[in-house]
$ cat coords-v9.cif   # mmCIF, C-alpha atoms
data_work
#
loop_
_atom_site.group_PDB
_atom_site.id
_atom_site.type_symbol
_atom_site.label_atom_id
_atom_site.label_comp_id
_atom_site.auth_asym_id
_atom_site.auth_seq_id
_atom_site.Cartn_x
_atom_site.Cartn_y
_atom_site.Cartn_z
ATOM 1 C CA MET W 1 -46.137 12.758 -16.486
ATOM 2 C CA ILE W 2 -49.452 12.039 -18.205
ATOM 3 C CA LEU W 3 -52.271 14.525 -18.777
ATOM 4 C CA HIS W 4 -55.781 13.059 -18.623
ATOM 5 C CA VAL W 5 -58.557 15.030 -20.328
ATOM 6 C CA LEU W 6 -61.913 13.972 -18.877
ATOM 7 C CA ASN W 7 -65.196 14.817 -20.561
ATOM 8 C CA GLY W 8 -67.142 16.056 -17.551
ATOM 9 C CA ASP W 9 -67.094 16.205 -13.783
ATOM 10 C CA ALA W 10 -69.024 12.936 -13.431
ATOM 11 C CA THR W 11 -65.960 11.126 -14.753
ATOM 12 C CA ARG W 12 -63.629 13.075 -12.476
ATOM 13 C CA THR W 13 -65.531 11.927 -9.397
ATOM 14 C CA ILE W 14 -64.686 8.288 -10.048
ATOM 15 C CA PHE W 15 -61.314 9.010 -11.665
ATOM 16 C CA GLU W 16 -59.953 10.512 -8.456
ATOM 17 C CA HIS W 17 -60.422 7.154 -6.715
ATOM 18 C CA ALA W 18 -59.006 5.037 -9.536
ATOM 19 C CA ASN W 19 -55.335 5.650 -8.623
ATOM 20 C CA ILE W 20 -54.293 6.371 -12.195
ATOM 21 C CA PRO W 21 -51.233 8.642 -12.164
ATOM 22 C CA GLY W 22 -51.138 11.978 -13.955
ATOM 23 C CA ASP W 23 -52.557 15.485 -14.095
ATOM 24 C CA VAL W 24 -56.258 15.898 -14.773
ATOM 25 C CA MET W 25 -58.135 18.420 -16.908
ATOM 26 C CA VAL W 26 -61.938 18.387 -16.975
ATOM 27 C CA TRP W 27 -63.524 19.408 -20.264
ATOM 28 C CA ARG W 28 -66.673 21.391 -19.479
ATOM 29 C CA GLU W 29 -67.620 22.821 -22.877
ATOM 30 C CA MET W 30 -70.762 21.785 -24.769
ATOM 31 C CA LEU W 31 -69.651 22.453 -28.319
ATOM 32 C CA CYS W 32 -72.544 20.438 -29.737
ATOM 33 C CA GLU W 33 -74.806 23.260 -28.516
ATOM 34 C CA GLY W 34 -74.911 26.562 -30.357
ATOM 35 C CA LYS W 35 -72.496 28.328 -32.634
ATOM 36 C CA ALA W 36 -69.062 26.894 -33.430
ATOM 37 C CA PRO W 37 -67.175 29.762 -35.121
ATOM 38 C CA ALA W 38 -65.221 28.852 -38.238
ATOM 39 C CA THR W 39 -61.718 30.159 -37.558
ATOM 40 C CA HIS W 40 -58.162 28.923 -37.048
ATOM 41 C CA ASN W 41 -57.583 31.699 -34.524
ATOM 42 C CA MET W 42 -58.360 30.129 -31.160
ATOM 43 C CA ALA W 43 -58.557 33.437 -29.272
ATOM 44 C CA ARG W 44 -61.115 34.677 -31.785
ATOM 45 C CA PHE W 45 -62.989 31.366 -31.577
ATOM 46 C CA PHE W 46 -63.488 31.660 -27.821
ATOM 47 C CA GLU W 47 -64.385 35.351 -28.001
ATOM 48 C CA GLU W 48 -67.110 34.700 -30.589
ATOM 49 C CA ARG W 49 -68.313 31.642 -28.737
ATOM 50 C CA ALA W 50 -68.462 33.564 -25.441
ATOM 51 C CA ALA W 51 -70.471 36.371 -27.021
ATOM 52 C CA PHE W 52 -72.941 33.862 -28.459
ATOM 53 C CA LEU W 53 -73.369 31.970 -25.195
ATOM 54 C CA GLN W 54 -74.052 35.156 -23.286
ATOM 55 C CA GLN W 55 -76.537 36.479 -25.830
ATOM 56 C CA GLU W 56 -78.469 33.238 -26.236
ATOM 57 C CA TYR W 57 -78.146 31.452 -22.908
ATOM 58 C CA GLY W 58 -77.157 34.148 -20.427
ATOM 59 C CA ILE W 59 -73.782 32.534 -19.705
ATOM 60 C CA ASP W 60 -71.511 35.292 -18.411
ATOM 61 C CA GLN W 61 -68.993 36.136 -21.108
ATOM 62 C CA LYS W 62 -66.146 37.166 -18.793
ATOM 63 C CA ALA W 63 -66.614 34.128 -16.557
ATOM 64 C CA TYR W 64 -66.608 31.817 -19.588
ATOM 65 C CA LEU W 65 -63.382 33.301 -20.965
ATOM 66 C CA SER W 66 -61.763 33.127 -17.524
ATOM 67 C CA ASP W 67 -62.675 29.447 -17.192
ATOM 68 C CA VAL W 68 -61.416 28.728 -20.716
ATOM 69 C CA ASP W 69 -58.097 30.426 -19.979
ATOM 70 C CA HIS W 70 -57.657 28.423 -16.777
ATOM 71 C CA GLU W 71 -58.605 25.060 -18.268
ATOM 72 C CA TYR W 72 -56.585 25.416 -21.444
ATOM 73 C CA GLN W 73 -53.293 26.193 -19.710
ATOM 74 C CA LEU W 74 -52.712 22.456 -19.345
ATOM 75 C CA LEU W 75 -53.407 21.814 -23.024
ATOM 76 C CA ASN W 76 -51.199 24.733 -24.014
ATOM 77 C CA ASN W 77 -48.415 22.997 -22.119
ATOM 78 C CA ALA W 78 -48.984 19.742 -24.013
ATOM 79 C CA ALA W 79 -45.358 19.410 -25.123
ATOM 80 C CA ALA W 80 -44.257 19.092 -21.485
ATOM 81 C CA TYR W 81 -46.180 15.835 -21.007
ATOM 82 C CA GLU W 82 -45.068 12.335 -21.907
ATOM 83 C CA GLU W 83 -48.586 11.432 -23.068
ATOM 84 C CA ILE W 84 -52.085 12.897 -23.237
ATOM 85 C CA VAL W 85 -55.013 10.540 -22.645
ATOM 86 C CA LEU W 86 -58.472 11.594 -23.821
ATOM 87 C CA TRP W 87 -61.454 10.030 -22.014
ATOM 88 C CA PHE W 88 -64.542 10.487 -24.189
ATOM 89 C CA GLU W 89 -67.726 8.628 -25.072
ATOM 90 C CA PHE W 90 -69.592 7.582 -28.209
ATOM 91 C CA ASP W 91 -72.318 10.225 -28.320
ATOM 92 C CA LEU W 92 -72.583 13.464 -30.272
ATOM 93 C CA PHE W 93 -71.919 15.619 -27.200
ATOM 94 C CA CYS W 94 -68.616 13.855 -26.519
ATOM 95 C CA GLN W 95 -67.514 13.318 -30.097
ATOM 96 C CA VAL W 96 -67.833 17.012 -30.991
ATOM 97 C CA ASN W 97 -65.814 17.954 -27.907
ATOM 98 C CA LEU W 98 -63.240 15.320 -28.852
ATOM 99 C CA LEU W 99 -62.911 16.729 -32.374
ATOM 100 C CA PHE W 100 -62.269 20.190 -31.021
ATOM 101 C CA VAL W 101 -59.658 19.016 -28.502
ATOM 102 C CA LEU W 102 -57.750 17.307 -31.305
ATOM 103 C CA TYR W 103 -58.138 20.351 -33.559
ATOM 104 C CA TYR W 104 -56.977 22.655 -30.762
ATOM 105 C CA LEU W 105 -53.897 20.542 -30.091
ATOM 106 C CA GLN W 106 -52.977 20.736 -33.773
ATOM 107 C CA GLN W 107 -53.322 24.523 -33.716
ATOM 108 C CA LEU W 108 -50.639 24.756 -31.020
ATOM 109 C CA LYS W 109 -48.035 24.141 -33.725
ATOM 110 C CA THR W 110 -45.705 22.484 -31.232
ATOM 111 C CA PRO W 111 -44.371 18.928 -31.061
ATOM 112 C CA LEU W 112 -46.978 16.808 -29.340
ATOM 113 C CA PRO W 113 -46.465 13.748 -27.165
ATOM 114 C CA PRO W 114 -48.314 10.527 -28.043
ATOM 115 C CA ILE W 115 -52.063 11.089 -27.834
ATOM 116 C CA SER W 116 -54.160 8.138 -26.717
ATOM 117 C CA ILE W 117 -57.873 7.737 -26.252
ATOM 118 C CA VAL W 118 -60.269 5.797 -24.058
ATOM 119 C CA GLN W 119 -63.780 5.660 -25.487
ATOM 120 C CA LEU W 120 -66.586 3.144 -25.295
ATOM 121 C CA ASP W 121 -70.271 2.727 -26.046
ATOM 122 C CA LYS W 122 -71.051 -0.106 -23.625
ATOM 123 C CA HIS W 123 -69.752 -1.915 -20.569
ATOM 124 C CA PRO W 124 -70.644 -5.446 -19.409
ATOM 125 C CA ASP W 125 -71.173 -4.294 -15.806
ATOM 126 C CA VAL W 126 -73.446 -1.346 -16.658
ATOM 127 C CA PRO W 127 -76.774 -2.032 -18.408
ATOM 128 C CA ASN W 128 -77.993 0.868 -20.547
ATOM 129 C CA PHE W 129 -74.536 2.440 -20.521
ATOM 130 C CA ARG W 130 -74.571 6.151 -21.342
ATOM 131 C CA GLY W 131 -71.221 7.392 -20.123
ATOM 132 C CA ILE W 132 -67.990 6.755 -18.253
ATOM 133 C CA GLY W 133 -69.435 8.562 -15.246
ATOM 134 C CA MET W 134 -71.740 5.568 -14.721
ATOM 135 C CA LEU W 135 -68.775 3.273 -14.063
ATOM 136 C CA LYS W 136 -67.019 2.559 -10.790
ATOM 137 C CA SER W 137 -63.438 3.512 -10.015
ATOM 138 C CA GLN W 138 -62.218 -0.080 -10.388
ATOM 139 C CA HIS W 139 -63.437 -0.121 -13.986
ATOM 140 C CA LEU W 140 -61.055 2.632 -15.082
ATOM 141 C CA PRO W 141 -57.573 1.067 -14.781
ATOM 142 C CA PRO W 142 -58.437 -1.775 -17.200
ATOM 143 C CA LEU W 143 -59.810 0.781 -19.667
ATOM 144 C CA PHE W 144 -56.652 2.839 -19.272
ATOM 145 C CA GLU W 145 -54.518 -0.200 -20.063
ATOM 146 C CA LYS W 146 -56.523 -0.786 -23.261
ATOM 147 C CA ARG W 147 -56.221 2.795 -24.516
ATOM 148 C CA VAL W 148 -55.344 3.216 -28.185
ATOM 149 C CA TYR W 149 -52.921 5.668 -29.758
ATOM 150 C CA LEU W 150 -54.085 7.988 -32.510
ATOM 151 C CA GLN W 151 -52.420 7.620 -35.889
ATOM 152 C CA GLU W 152 -52.064 10.008 -38.817
ATOM 153 C CA GLU W 153 -55.343 8.897 -40.426
ATOM 154 C CA ASP W 154 -57.183 9.606 -37.172
ATOM 155 C CA TRP W 155 -55.698 13.093 -36.901
ATOM 156 C CA GLN W 156 -56.608 13.860 -40.495
ATOM 157 C CA LEU W 157 -60.194 12.681 -40.080
ATOM 158 C CA ALA W 158 -60.609 14.651 -36.844
ATOM 159 C CA ASN W 159 -59.199 17.793 -38.454
ATOM 160 C CA ASP W 160 -61.438 17.482 -41.515
ATOM 161 C CA ALA W 161 -64.487 16.719 -39.366
ATOM 162 C CA TRP W 162 -64.048 19.730 -37.089
ATOM 163 C CA ILE W 163 -63.551 22.089 -40.040
ATOM 164 C CA ALA W 164 -66.673 20.637 -41.683
ATOM 165 C CA TYR W 165 -68.640 20.898 -38.421
ATOM 166 C CA SER W 166 -67.930 24.622 -38.225
ATOM 167 C CA GLN W 167 -69.036 25.333 -41.821
ATOM 168 C CA GLU W 168 -72.484 26.282 -43.132
ATOM 169 C CA ASP W 169 -72.619 23.561 -45.783
ATOM 170 C CA PRO W 170 -73.428 20.165 -44.207
ATOM 171 C CA LEU W 171 -72.541 18.082 -47.257
ATOM 172 C CA ALA W 172 -68.913 17.746 -46.168
ATOM 173 C CA ILE W 173 -70.080 16.403 -42.805
ATOM 174 C CA GLU W 174 -72.323 13.933 -44.591
ATOM 175 C CA GLN W 175 -69.392 12.644 -46.641
ATOM 176 C CA LEU W 176 -67.186 12.375 -43.560
ATOM 177 C CA SER W 177 -69.875 10.468 -41.669
ATOM 178 C CA HIS W 178 -69.238 7.591 -44.061
ATOM 179 C CA ARG W 179 -65.458 7.778 -43.683
ATOM 180 C CA SER W 180 -63.836 5.714 -40.973
ATOM 181 C CA SER W 181 -60.547 5.513 -39.152
ATOM 182 C CA THR W 182 -59.315 2.766 -36.878
ATOM 183 C CA HIS W 183 -59.432 4.703 -33.616
ATOM 184 C CA LEU W 184 -62.454 6.960 -34.143
ATOM 185 C CA PRO W 185 -65.130 4.264 -34.512
ATOM 186 C CA TYR W 186 -68.041 6.306 -33.141
ATOM 187 C CA LEU W 187 -67.567 9.476 -35.142
ATOM 188 C CA GLY W 188 -69.684 8.472 -38.143
ATOM 189 C CA ASN W 189 -72.834 7.755 -36.141
ATOM 190 C CA ALA W 190 -72.379 10.951 -34.140
ATOM 191 C CA LEU W 191 -72.086 13.035 -37.303
ATOM 192 C CA GLN W 192 -75.229 11.388 -38.682
ATOM 193 C CA ALA W 193 -77.044 12.343 -35.477
ATOM 194 C CA HIS W 194 -75.803 15.900 -35.906
ATOM 195 C CA LEU W 195 -77.219 16.075 -39.435
ATOM 196 C CA GLN W 196 -80.582 14.894 -38.135
ATOM 197 C CA ARG W 197 -80.742 18.104 -36.105
ATOM 198 C CA LEU W 198 -81.412 19.915 -39.368
ATOM 199 C CA PRO W 199 -85.096 20.692 -39.949
ATOM 200 C CA GLY W 200 -86.951 17.685 -41.339
ATOM 201 C CA SER W 201 -88.013 17.946 -44.970
ATOM 202 C CA SER W 202 -91.626 16.896 -44.294
ATOM 203 C CA ASN W 203 -92.676 19.138 -41.402
ATOM 204 C CA GLY W 204 -89.646 21.108 -40.199
ATOM 205 C CA LEU W 205 -89.126 19.038 -37.055
ATOM 206 C CA ASN W 206 -85.657 17.728 -36.409
ATOM 207 C CA ALA W 207 -85.039 14.329 -34.803
ATOM 208 C CA VAL W 208 -85.113 15.616 -31.212
ATOM 209 C CA GLU W 209 -88.223 17.735 -31.704
ATOM 210 C CA HIS W 210 -89.990 14.913 -33.505
ATOM 211 C CA PHE W 211 -89.158 12.536 -30.655
ATOM 212 C CA PHE W 212 -90.661 14.877 -28.083
ATOM 213 C CA LEU W 213 -93.867 15.474 -30.037
ATOM 214 C CA ASP W 214 -94.211 11.806 -30.866
ATOM 215 C CA ARG W 215 -94.026 10.810 -27.194
ATOM 216 C CA LEU W 216 -96.382 13.578 -26.085
ATOM 217 C CA ALA W 217 -98.902 12.461 -28.703
ATOM 218 C CA LEU W 218 -99.382 9.385 -26.502
ATOM 219 C CA GLY W 219 -100.383 11.523 -23.525
ATOM 220 C CA LYS W 220 -99.158 14.095 -21.030
ATOM 221 C CA LEU W 221 -95.769 13.538 -19.446
ATOM 222 C CA ARG W 222 -93.789 15.090 -16.680
ATOM 223 C CA GLU W 223 -90.833 16.890 -18.168
ATOM 224 C CA ARG W 224 -88.392 14.631 -16.333
ATOM 225 C CA ASP W 225 -90.120 11.481 -17.570
ATOM 226 C CA LEU W 226 -89.917 12.772 -21.133
ATOM 227 C CA TYR W 227 -86.218 13.390 -20.674
ATOM 228 C CA TYR W 228 -85.658 9.879 -19.309
ATOM 229 C CA GLN W 229 -87.352 8.421 -22.379
ATOM 230 C CA PHE W 230 -85.060 10.499 -24.561
ATOM 231 C CA TRP W 231 -81.945 9.400 -22.665
ATOM 232 C CA ASN W 232 -82.948 5.744 -22.955
ATOM 233 C CA GLU W 233 -83.887 5.785 -26.632
ATOM 234 C CA LEU W 234 -81.655 8.447 -28.217
ATOM 235 C CA LYS W 235 -78.421 7.893 -26.312
ATOM 236 C CA ILE W 236 -76.493 8.895 -29.437
ATOM 237 C CA TYR W 237 -76.981 12.576 -28.572
ATOM 238 C CA GLY W 238 -75.628 12.547 -25.028
ATOM 239 C CA PHE W 239 -77.551 15.714 -24.191
ATOM 240 C CA GLY W 240 -77.989 16.828 -20.607
ATOM 241 C CA ASP W 241 -80.777 18.786 -18.967
ATOM 242 C CA PHE W 242 -79.499 22.061 -20.419
ATOM 243 C CA GLN W 243 -79.829 21.000 -24.050
ATOM 244 C CA LEU W 244 -83.221 19.363 -23.517
ATOM 245 C CA ASP W 245 -84.538 22.409 -21.666
ATOM 246 C CA VAL W 246 -83.560 24.521 -24.668
ATOM 247 C CA TYR W 247 -85.623 22.252 -26.918
ATOM 248 C CA THR W 248 -88.723 22.109 -24.728
ATOM 249 C CA GLN W 249 -88.696 25.885 -24.304
ATOM 250 C CA ARG W 250 -88.526 26.410 -28.071
ATOM 251 C CA LEU W 251 -91.375 23.956 -28.593
ATOM 252 C CA GLN W 252 -93.466 25.855 -26.066
ATOM 253 C CA ARG W 253 -92.711 29.239 -27.645
ATOM 254 C CA ALA W 254 -93.757 27.816 -31.015
ATOM 255 C CA GLY W 255 -97.088 26.731 -29.534
ATOM 256 C CA VAL W 256 -96.760 23.036 -30.335
ATOM 257 C CA VAL W 257 -96.249 22.023 -26.709
ATOM 258 C CA LYS W 258 -97.816 23.487 -23.580
ATOM 259 C CA ARG W 259 -96.746 23.220 -19.980
ATOM 260 C CA GLU W 260 -99.014 22.995 -16.948
ATOM 261 C CA ASP W 261 -97.020 22.829 -13.728
ATOM 262 C CA GLU W 262 -94.587 19.932 -14.343
ATOM 263 C CA MET W 263 -96.671 18.355 -17.104
ATOM 264 C CA LEU W 264 -96.012 18.762 -20.828
ATOM 265 C CA SER W 265 -98.660 18.035 -23.433
ATOM 266 C CA LEU W 266 -99.157 18.333 -27.178
ATOM 267 C CA THR W 267 -101.321 21.173 -28.497
ATOM 268 C CA GLY W 268 -103.670 21.020 -31.450
ATOM 269 C CA LEU W 269 -101.042 22.779 -33.540
ATOM 270 C CA GLY W 270 -98.497 20.220 -32.376
ATOM 271 C CA GLU W 271 -100.721 17.412 -33.650
ATOM 272 C CA GLU W 272 -101.052 19.136 -37.014
ATOM 273 C CA VAL W 273 -97.288 19.548 -37.311
ATOM 274 C CA LEU W 274 -96.717 15.936 -36.301
ATOM 275 C CA HIS W 275 -99.131 14.796 -39.016
ATOM 276 C CA ASN W 276 -97.423 16.996 -41.637
ATOM 277 C CA GLU W 277 -100.467 19.285 -41.908
ATOM 278 C CA GLU W 278 -98.437 22.286 -40.756
ATOM 279 C CA ASN W 279 -94.742 23.116 -40.868
ATOM 280 C CA TYR W 280 -92.973 23.695 -37.579
ATOM 281 C CA LEU W 281 -90.747 26.362 -39.126
ATOM 282 C CA SER W 282 -93.784 28.564 -39.750
ATOM 283 C CA PHE W 283 -94.227 28.933 -35.994
ATOM 284 C CA ALA W 284 -90.791 28.404 -34.450
ATOM 285 C CA SER W 285 -88.258 31.205 -34.602
ATOM 286 C CA GLN W 286 -84.856 29.971 -35.697
ATOM 287 C CA GLN W 287 -83.202 33.338 -35.205
ATOM 288 C CA ASN W 288 -79.686 32.916 -33.830
ATOM 289 C CA VAL W 289 -80.203 29.154 -33.472
ATOM 290 C CA TRP W 290 -77.050 27.362 -34.580
ATOM 291 C CA ILE W 291 -75.897 23.757 -34.815
ATOM 292 C CA GLY W 292 -72.147 23.964 -35.230
ATOM 293 C CA GLY W 293 -71.489 26.297 -38.137
ATOM 294 C CA ILE W 294 -75.029 26.145 -39.535
ATOM 295 C CA PRO W 295 -77.369 29.069 -38.743
ATOM 296 C CA LEU W 296 -80.837 27.532 -38.872
ATOM 297 C CA ASP W 297 -82.662 30.794 -39.534
ATOM 298 C CA HIS W 298 -81.689 30.857 -43.201
ATOM 299 C CA THR W 299 -80.205 27.482 -44.060
ATOM 300 C CA PRO W 300 -81.679 25.798 -47.147
ATOM 301 C CA TRP W 301 -80.592 22.361 -45.905
ATOM 302 C CA ARG W 302 -83.030 19.759 -44.639
ATOM 303 C CA TRP W 303 -82.816 16.200 -43.384
ATOM 304 C CA ASP W 304 -84.849 13.779 -45.454
ATOM 305 C CA GLU W 305 -85.792 10.892 -43.183
ATOM 306 C CA GLU W 306 -87.066 8.654 -45.986
ATOM 307 C CA GLU W 307 -83.897 8.997 -48.039
ATOM 308 C CA GLY W 308 -81.630 9.158 -44.975
ATOM 309 C CA ARG W 309 -79.636 12.093 -46.301
ATOM 310 C CA VAL W 310 -79.309 15.857 -46.446
ATOM 311 C CA ILE W 311 -81.228 17.653 -49.196
ATOM 312 C CA ARG W 312 -81.577 21.261 -50.295
ATOM 313 C CA SER W 313 -85.047 22.664 -49.775
ATOM 314 C CA SER W 314 -86.721 23.880 -52.951
ATOM 315 C CA GLY W 315 -88.384 26.592 -50.889
ATOM 316 C CA ASN W 316 -85.091 28.415 -50.304
#
$ encode --input "coords-v9.cif" --output "structure tokens"
Amino acid sequence: MILHVLNGDATRTIFEHANIPGDVMVWREMLCEGKAPATHNMARFFEERAAFLQQEYGIDQKAYLSDVDHEYQLLNNAAAYEEIVLWFEFDLFCQVNLLFVLYYLQQLKTPLPPISIVQLDKHPDVPNFRGIGMLKSQHLPPLFEKRVYLQEEDWQLANDAWIAYSQEDPLAIEQLSHRSSTHLPYLGNALQAHLQRLPGSSNGLNAVEHFFLDRLALGKLRERDLYYQFWNELKIYGFGDFQLDVYTQRLQRAGVVKREDEMLSLTGLGEEVLHNEENYLSFASQQNVWIGGIPLDHTPWRWDEEEGRVIRSSGN
């Protein structure tokens, strides 16, 4: 029997009609969002993660832990399967989840069956491809037949990358973003996108925040239209409504964006920040805002867009 791990319910909808044999587990976490506790103890990891999600996003802690316990029973029984197939995409959202699945499997300390992976960043039948959920059921069997099996170098890279992702120092992630393995071809670009979520060295805006302000500088936009522009131009992030709502709400609280009914527009302060006349971090609270293992409220690390690398701020 095969276990298929699908990254999201959109994929499950079409998977159920693809007639591919095996058990199915749907991965519903969003580990690219918020705190990723640095621990080898998986029970402690989920407890800390649950507490964070409830405090910051109002996600019920008990319900989260109950869902985790239910979903992970299949993974915990990994040794009983003949193969585990991971269905993930190229973007940051998916790649971070993929890293954790591989890390979690290694923490089981049991003999594992062959682990294969289906991942892609484009499809000839789907213009502007953003995810497997955009495909049709008949597209999946050929992808399944072309799945690749992870080798030792892939496992090592995934393990190193997850450990680095959950640490405060981003330099290890930066080094790993330039390291490749045969069957994890999208990881490097995803890790680079993650690093660009650090505050920018010139005005404190990260890549997502800068994108929003840059587009709003051209005129008012409905929130949904702004999101569609983001999804079309920054597909590397793979964020859904939830993540983008978090960003727009922070921008509004900082006073750089204002909302009138469904319309978002740039404020005078937003224009000053965009033109490097003010620093976003002087107005935006970063308290309890995390990207992986990095707490943004006191990190000295910045992303330097001109140099294309992480630097340490002289102001910290």
$ resolve_selection --input "coords-v9.cif" --expression "the PyMOL selection byres ((chain W and resi 75) around 12)" --output "compact mmCIF listing (two decimals) with C-alpha atoms, in the frame of the given file"
# COMPACT_ATOMS: atom_id res chain seq x y z
CA ILE W 2 -49.45 12.04 -18.20
CA LEU W 3 -52.27 14.52 -18.78
CA HIS W 4 -55.78 13.06 -18.62
CA VAL W 5 -58.56 15.03 -20.33
CA ASP W 23 -52.56 15.48 -14.10
CA VAL W 24 -56.26 15.90 -14.77
CA MET W 25 -58.14 18.42 -16.91
CA VAL W 26 -61.94 18.39 -16.98
CA TRP W 27 -63.52 19.41 -20.26
CA VAL W 68 -61.42 28.73 -20.72
CA ASP W 69 -58.10 30.43 -19.98
CA HIS W 70 -57.66 28.42 -16.78
CA GLU W 71 -58.60 25.06 -18.27
CA TYR W 72 -56.58 25.42 -21.44
CA GLN W 73 -53.29 26.19 -19.71
CA LEU W 74 -52.71 22.46 -19.34
CA ASN W 76 -51.20 24.73 -24.01
CA ASN W 77 -48.42 23.00 -22.12
CA ALA W 78 -48.98 19.74 -24.01
CA ALA W 79 -45.36 19.41 -25.12
CA ALA W 80 -44.26 19.09 -21.48
CA TYR W 81 -46.18 15.84 -21.01
CA GLU W 83 -48.59 11.43 -23.07
CA ILE W 84 -52.08 12.90 -23.24
CA VAL W 85 -55.01 10.54 -22.64
CA LEU W 86 -58.47 11.59 -23.82
CA VAL W 101 -59.66 19.02 -28.50
CA LEU W 102 -57.75 17.31 -31.30
CA TYR W 103 -58.14 20.35 -33.56
CA TYR W 104 -56.98 22.66 -30.76
CA LEU W 105 -53.90 20.54 -30.09
CA GLN W 106 -52.98 20.74 -33.77
CA GLN W 107 -53.32 24.52 -33.72
CA LEU W 108 -50.64 24.76 -31.02
CA THR W 110 -45.70 22.48 -31.23
CA LEU W 112 -46.98 16.81 -29.34
CA PRO W 113 -46.46 13.75 -27.16
CA ILE W 115 -52.06 11.09 -27.83
$ atom_distance --input "coords-v9.cif" --atom1 "atom CA of W:His123" --atom2 "atom CA of W:Leu135"
8.4 Å
$ closest_residue --input "coords-v9.cif" --among "W:Cys32, W:Ala190, W:Leu205, W:Ala284" --to "W:Phe100" --atoms "all atoms listed in the file"
W:Cys32
$ resolve_selection --input "coords-v9.cif" --expression "the PyMOL selection byres ((chain W and resi 150) around 6)" --output "ChimeraX atom specification"
/W:115-116,149,151,154
$ write_last_selection --input "coords-v9.cif" --atoms "C-alpha atoms" --output "mmCIF file, in the frame of the given file"
data_model
loop_
_atom_site.group_PDB
_atom_site.id
_atom_site.type_symbol
_atom_site.label_atom_id
_atom_site.label_comp_id
_atom_site.auth_asym_id
_atom_site.auth_seq_id
_atom_site.Cartn_x
_atom_site.Cartn_y
_atom_site.Cartn_z
ATOM 1 C CA ILE W 115 -52.063 11.089 -27.834
ATOM 2 C CA SER W 116 -54.160 8.138 -26.717
ATOM 3 C CA TYR W 149 -52.921 5.668 -29.758
ATOM 4 C CA GLN W 151 -52.420 7.620 -35.889
ATOM 5 C CA ASP W 154 -57.183 9.606 -37.172
#
$ atom_distance --input "coords-v9.cif" --atom1 "atom CA of W:Gln192" --atom2 "atom CA of W:Arg302"
12.9 Å
$ atom_distance --input "coords-v9.cif" --atom1 "atom CA of W:Tyr280" --atom2 "atom CA of W:Leu195"
17.6 Å
$ residues_near_point --input "coords-v9.cif" --point "(-70.4, 23.9, -43.8)" --cutoff "12 Å" --atoms "only C-alpha atoms" --output "PDB file with C-alpha atoms, in the frame of the given file"
ATOM      1  CA  ALA W  36     -69.062  26.894 -33.430  1.00  0.00           C
ATOM      2  CA  PRO W  37     -67.175  29.762 -35.121  1.00  0.00           C
ATOM      3  CA  ALA W  38     -65.221  28.852 -38.238  1.00  0.00           C
ATOM      4  CA  ASP W 160     -61.438  17.482 -41.515  1.00  0.00           C
ATOM      5  CA  ALA W 161     -64.487  16.719 -39.366  1.00  0.00           C
ATOM      6  CA  TRP W 162     -64.048  19.730 -37.089  1.00  0.00           C
ATOM      7  CA  ILE W 163     -63.551  22.089 -40.040  1.00  0.00           C
ATOM      8  CA  ALA W 164     -66.673  20.637 -41.683  1.00  0.00           C
ATOM      9  CA  TYR W 165     -68.640  20.898 -38.421  1.00  0.00           C
ATOM     10  CA  SER W 166     -67.930  24.622 -38.225  1.00  0.00           C
ATOM     11  CA  GLN W 167     -69.036  25.333 -41.821  1.00  0.00           C
ATOM     12  CA  GLU W 168     -72.484  26.282 -43.132  1.00  0.00           C
ATOM     13  CA  ASP W 169     -72.619  23.561 -45.783  1.00  0.00           C
ATOM     14  CA  PRO W 170     -73.428  20.165 -44.207  1.00  0.00           C
ATOM     15  CA  LEU W 171     -72.541  18.082 -47.257  1.00  0.00           C
ATOM     16  CA  ALA W 172     -68.913  17.746 -46.168  1.00  0.00           C
ATOM     17  CA  ILE W 173     -70.080  16.403 -42.805  1.00  0.00           C
ATOM     18  CA  GLU W 174     -72.323  13.933 -44.591  1.00  0.00           C
ATOM     19  CA  GLN W 175     -69.392  12.644 -46.641  1.00  0.00           C
ATOM     20  CA  LEU W 176     -67.186  12.375 -43.560  1.00  0.00           C
ATOM     21  CA  LEU W 195     -77.219  16.075 -39.435  1.00  0.00           C
ATOM     22  CA  TRP W 290     -77.050  27.362 -34.580  1.00  0.00           C
ATOM     23  CA  ILE W 291     -75.897  23.757 -34.815  1.00  0.00           C
ATOM     24  CA  GLY W 292     -72.147  23.964 -35.230  1.00  0.00           C
ATOM     25  CA  GLY W 293     -71.489  26.297 -38.137  1.00  0.00           C
ATOM     26  CA  ILE W 294     -75.029  26.145 -39.535  1.00  0.00           C
ATOM     27  CA  PRO W 295     -77.369  29.069 -38.743  1.00  0.00           C
ATOM     28  CA  THR W 299     -80.205  27.482 -44.060  1.00  0.00           C
ATOM     29  CA  PRO W 300     -81.679  25.798 -47.147  1.00  0.00           C
ATOM     30  CA  TRP W 301     -80.592  22.361 -45.905  1.00  0.00           C
TER      31      TRP W 301
END
$ resolve_selection --input "coords-v9.cif" --expression "the PyMOL selection byres ((chain W and resi 133) around 7)" --output "PyMOL selection string"
chain W and resi 10-11+131-132+134-135
$ residues_around --input "coords-v9.cif" --residues "W:Trp87" --least-positions-apart "3" --cutoff "8 Å" --atoms "all atoms listed in the file" --output "ChimeraX atom specification"
/W:4-7,117-119
$ residues_around --input "coords-v9.cif" --residues "W:Glu56" --least-positions-apart "3" --cutoff "10 Å" --atoms "all atoms listed in the file" --output "PyMOL selection string"
chain W and resi 34+51-53+59+288-289
$ write_last_selection --input "coords-v9.cif" --atoms "C-alpha atoms" --output "PDB file, in the frame of the given file"
ATOM      1  CA  GLY W  34     -74.911  26.562 -30.357  1.00  0.00           C
ATOM      2  CA  ALA W  51     -70.471  36.371 -27.021  1.00  0.00           C
ATOM      3  CA  PHE W  52     -72.941  33.862 -28.459  1.00  0.00           C
ATOM      4  CA  LEU W  53     -73.369  31.970 -25.195  1.00  0.00           C
ATOM      5  CA  ILE W  59     -73.782  32.534 -19.705  1.00  0.00           C
ATOM      6  CA  ASN W 288     -79.686  32.916 -33.830  1.00  0.00           C
ATOM      7  CA  VAL W 289     -80.203  29.154 -33.472  1.00  0.00           C
TER       8      VAL W 289
END
